[in-house]
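Everything below belongs to query12.pdb, which stores PDB, C-alpha atoms.
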```pdb
MODEL        1
ATOM      1  CA  MET A 162     -27.943  50.785 -80.079
ATOM      2  CA  GLN A 163     -29.101  47.208 -80.241
ATOM      3  CA  VAL A 164     -29.824  44.845 -83.114
ATOM      4  CA  VAL A 165     -32.360  42.061 -82.669
ATOM      5  CA  ALA A 166     -32.577  38.818 -84.653
ATOM      6  CA  GLU A 167     -35.117  35.995 -84.540
ATOM      7  CA  ASP A 168     -34.698  32.356 -85.501
ATOM      8  CA  ALA A 169     -37.742  30.030 -85.689
ATOM      9  CA  ASP A 170     -35.610  26.855 -85.737
ATOM     10  CA  LEU A 171     -35.491  24.450 -82.794
ATOM     11  CA  GLY A 172     -32.500  23.245 -80.778
ATOM     12  CA  LEU A 173     -29.012  24.442 -81.662
ATOM     13  CA  ASN A 174     -30.304  25.704 -85.008
ATOM     14  CA  GLY A 175     -32.483  28.196 -83.118
ATOM     15  CA  GLN A 176     -29.740  29.391 -80.771
ATOM     16  CA  PHE A 177     -27.518  32.141 -82.108
ATOM     17  CA  TYR A 178     -24.981  34.787 -81.167
ATOM     18  CA  TYR A 179     -24.105  38.209 -82.544
ATOM     19  CA  VAL A 180     -20.738  39.264 -83.938
ATOM     20  CA  LEU A 181     -19.266  42.309 -85.672
ATOM     21  CA  ALA A 182     -18.350  40.967 -89.098
ATOM     22  CA  ASN A 183     -16.032  43.796 -90.188
ATOM     23  CA  GLU A 184     -12.748  43.799 -88.301
ATOM     24  CA  SER A 185     -11.953  47.423 -89.164
ATOM     25  CA  VAL A 186     -14.376  48.736 -86.505
ATOM     26  CA  ARG A 187     -13.541  46.329 -83.662
ATOM     27  CA  ASP A 188     -11.147  48.800 -82.003
ATOM     28  CA  VAL A 189     -13.938  51.404 -81.816
ATOM     29  CA  PHE A 190     -17.151  49.382 -81.342
ATOM     30  CA  ALA A 191     -18.138  46.135 -79.632
ATOM     31  CA  CYS A 192     -21.226  43.985 -80.046
ATOM     32  CA  ASP A 193     -22.500  41.935 -77.110
ATOM     33  CA  SER A 194     -22.705  38.364 -78.388
ATOM     34  CA  THR A 195     -25.844  37.588 -76.352
ATOM     35  CA  THR A 196     -27.929  40.777 -76.560
ATOM     36  CA  GLY A 197     -26.788  42.385 -79.820
ATOM     37  CA  ALA A 198     -26.090  45.650 -77.986
ATOM     38  CA  ILE A 199     -23.519  47.779 -79.790
ATOM     39  CA  SER A 200     -21.297  49.909 -77.590
ATOM     40  CA  LEU A 201     -18.465  52.364 -78.028
ATOM     41  CA  ILE A 202     -15.069  51.139 -76.782
ATOM     42  CA  GLY A 203     -12.731  53.582 -78.544
ATOM     43  CA  ALA A 204     -12.425  57.297 -79.203
ATOM     44  CA  LEU A 205     -14.310  59.046 -81.988
ATOM     45  CA  ASP A 206     -12.965  61.964 -84.023
ATOM     46  CA  ARG A 207     -15.284  63.350 -86.683
ATOM     47  CA  GLU A 208     -12.373  64.962 -88.500
ATOM     48  CA  SER A 209     -10.882  61.477 -89.009
ATOM     49  CA  VAL A 210     -14.026  59.378 -89.595
ATOM     50  CA  ALA A 211     -17.450  60.975 -90.002
ATOM     51  CA  GLU A 212     -19.425  57.771 -90.581
ATOM     52  CA  TYR A 213     -19.058  54.111 -89.625
ATOM     53  CA  TRP A 214     -20.655  51.167 -91.447
ATOM     54  CA  LEU A 215     -20.922  48.161 -89.140
ATOM     55  CA  THR A 216     -21.916  44.725 -90.344
ATOM     56  CA  VAL A 217     -23.541  42.756 -87.534
ATOM     57  CA  ALA A 218     -24.135  39.049 -88.067
ATOM     58  CA  ALA A 219     -26.364  36.626 -86.177
ATOM     59  CA  VAL A 220     -24.814  33.156 -86.350
ATOM     60  CA  ASP A 221     -26.685  30.050 -85.223
ATOM     61  CA  ARG A 222     -25.093  27.134 -83.367
ATOM     62  CA  GLY A 223     -26.328  24.434 -85.732
ATOM     63  CA  VAL A 224     -24.325  22.251 -88.108
ATOM     64  CA  PRO A 225     -23.723  23.650 -90.591
ATOM     65  CA  ARG A 226     -23.766  27.126 -89.083
ATOM     66  CA  MET A 227     -26.157  29.527 -90.749
ATOM     67  CA  SER A 228     -26.021  33.299 -90.481
ATOM     68  CA  ALA A 229     -27.690  36.513 -91.523
ATOM     69  CA  SER A 230     -26.306  40.027 -91.361
ATOM     70  CA  THR A 231     -27.450  43.616 -91.347
ATOM     71  CA  GLU A 232     -25.740  46.968 -91.836
ATOM     72  CA  VAL A 233     -25.724  49.596 -89.104
ATOM     73  CA  VAL A 234     -24.682  53.114 -90.119
ATOM     74  CA  LEU A 235     -23.429  55.412 -87.362
ATOM     75  CA  THR A 236     -22.852  59.091 -88.088
ATOM     76  CA  VAL A 237     -20.425  60.915 -85.812
ATOM     77  CA  GLY A 238     -21.631  64.356 -84.731
ATOM     78  CA  ASP A 239     -19.177  67.232 -84.643
ATOM     79  CA  GLU A 240     -18.105  68.854 -81.401
ATOM     80  CA  ASN A 241     -16.614  72.328 -81.394
ATOM     81  CA  ASP A 242     -13.100  71.454 -80.278
ATOM     82  CA  ASN A 243     -11.343  74.445 -81.839
ATOM     83  CA  ALA A 244     -11.063  77.795 -80.063
ATOM     84  CA  PRO A 245     -11.928  80.942 -82.053
ATOM     85  CA  VAL A 246      -8.978  82.732 -83.637
ATOM     86  CA  PHE A 247      -8.606  86.405 -84.539
ATOM     87  CA  GLN A 248      -6.749  87.087 -87.773
ATOM     88  CA  HIS A 249      -5.087  90.239 -86.363
ATOM     89  CA  SER A 250      -3.974  91.187 -82.855
ATOM     90  CA  SER A 251      -5.705  94.599 -83.043
ATOM     91  CA  TYR A 252      -8.746  96.067 -84.833
ATOM     92  CA  SER A 253      -9.925  99.692 -85.048
ATOM     93  CA  GLY A 254     -13.012 101.464 -86.358
ATOM     94  CA  ALA A 255     -14.790 104.820 -86.264
ATOM     95  CA  VAL A 256     -18.359 105.694 -85.222
ATOM     96  CA  ASN A 257     -19.896 109.135 -85.746
ATOM     97  CA  GLU A 258     -21.001 110.717 -82.497
ATOM     98  CA  ASP A 259     -24.463 111.449 -83.908
ATOM     99  CA  ALA A 260     -25.022 107.822 -85.016
ATOM    100  CA  LEU A 261     -28.410 106.360 -84.098
ATOM    101  CA  PRO A 262     -28.690 103.118 -82.128
ATOM    102  CA  GLY A 263     -28.354 100.102 -84.419
ATOM    103  CA  GLN A 264     -26.194 101.867 -87.007
TER     104      GLN A 264
ENDMDL
END
```

Entire entry expressed as structure tokens:
Amino acid sequence: MQVVAEDADLGLNGQFYYVLANESVRDVFACDSTTGAISLIGALDRESVAEYWLTVAAVDRGVPRMSASTEVVLTVGDENDNAPVFQHSSYSGAVNEDALPGQ
């Protein structure tokens, strides 16, 4: 995913970089300071965290520095990582010999 910002100012006021504003996601996601591309750098586990809210800021290089931010919501899809389990080690049943197919 990539965020894109625009700044109509000239000079240093029109040059900016991207940064993840919330530190709590920096061990899982990274944001390229030049392109705004967001990438995964850590492991995901839906059972632990099903949704991430990232705040990405564009900060200009002027004095004083000005910034704007946006929220990016990432939902973690579930992967079947649990093998099926039978409740009992053995099951039994009876079928009549004159049963029709599908019964």

Report as a PDB file with C-alpha atoms, in the frame of the given file all protein, DNA and RNA residues lying within 9 Å of Val164 of chain A, evaluated on only C-alpha atoms, omitting residues in the same chain fewer than 4 positions from it.
```
ATOM      1  CA  TYR A 179     -24.105  38.209 -82.544  1.00  0.00           C
ATOM      2  CA  THR A 196     -27.929  40.777 -76.560  1.00  0.00           C
ATOM      3  CA  GLY A 197     -26.788  42.385 -79.820  1.00  0.00           C
ATOM      4  CA  ALA A 198     -26.090  45.650 -77.986  1.00  0.00           C
ATOM      5  CA  ILE A 199     -23.519  47.779 -79.790  1.00  0.00           C
ATOM      6  CA  VAL A 217     -23.541  42.756 -87.534  1.00  0.00           C
ATOM      7  CA  THR A 231     -27.450  43.616 -91.347  1.00  0.00           C
ATOM      8  CA  VAL A 233     -25.724  49.596 -89.104  1.00  0.00           C
TER       9      VAL A 233
END
```

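The shortest atom-to-atom distance to Asp170 of chain A, with all atoms listed in the file taken into account, belongs to A:Asp221 out of A:Asp221, A:Asp193, A:Asp242, A:Asp259.
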
Can you tell me how far atom CA of Val237 of chain A sits from atom CA of Glu208 of chain A, in Å to one decimal? 9.4 Å

Please write out, as lines of an AutoDock Vina configuration file, where the centre of an axis-aligned box around all listed atoms of segment 231-241 of chain A lies and how long its edges are, in Å to one decimal, after adding 5 Å on each side.
```
center_x = -22.0
center_y = 58.0
center_z = -86.6
size_x = 20.8
size_y = 38.7
size_z = 20.4
```

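The space separating atom CA of Leu171 of chain A from atom CA of Leu215 of chain A comes to 28.5 Å.
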
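Put simply, atom CA of Gly203 of chain A is 6.7 Å away from atom CA of Phe190 of chain A.
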
Quick one: everything within 12 Å of Glu232 of chain A, counting all atoms listed in the file, minus sequence neighbours fewer than 5 positions away in the same chain. Send it as a ChimeraX atom specification. /A:164,181-183,213-219

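Ranking A:Ile202, A:Ala229, A:Val210, A:Val186 by their shortest atom-to-atom distance to Val165 of chain A, with only C-alpha atoms included, puts A:Ala229 first.
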
Pick the closest to Gly238 of chain A from A:Val256, A:Ala211, A:Val220, A:Leu261: which is it, counting only C-alpha atoms? A:Ala211

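Put simply, the PyMOL selection byres ((chain A and resi 173) around 8) on this file hits Leu171, Gly172, Asn174, Gly175, Gln176, Phe177, Asp221, Arg222 and Gly223 of chain A.
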
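Nearest to Ser209 of chain A of all the residues A:Ala244, A:Asp239, A:Ser228, A:Ala191 is A:Asp239, based on all atoms listed in the file.
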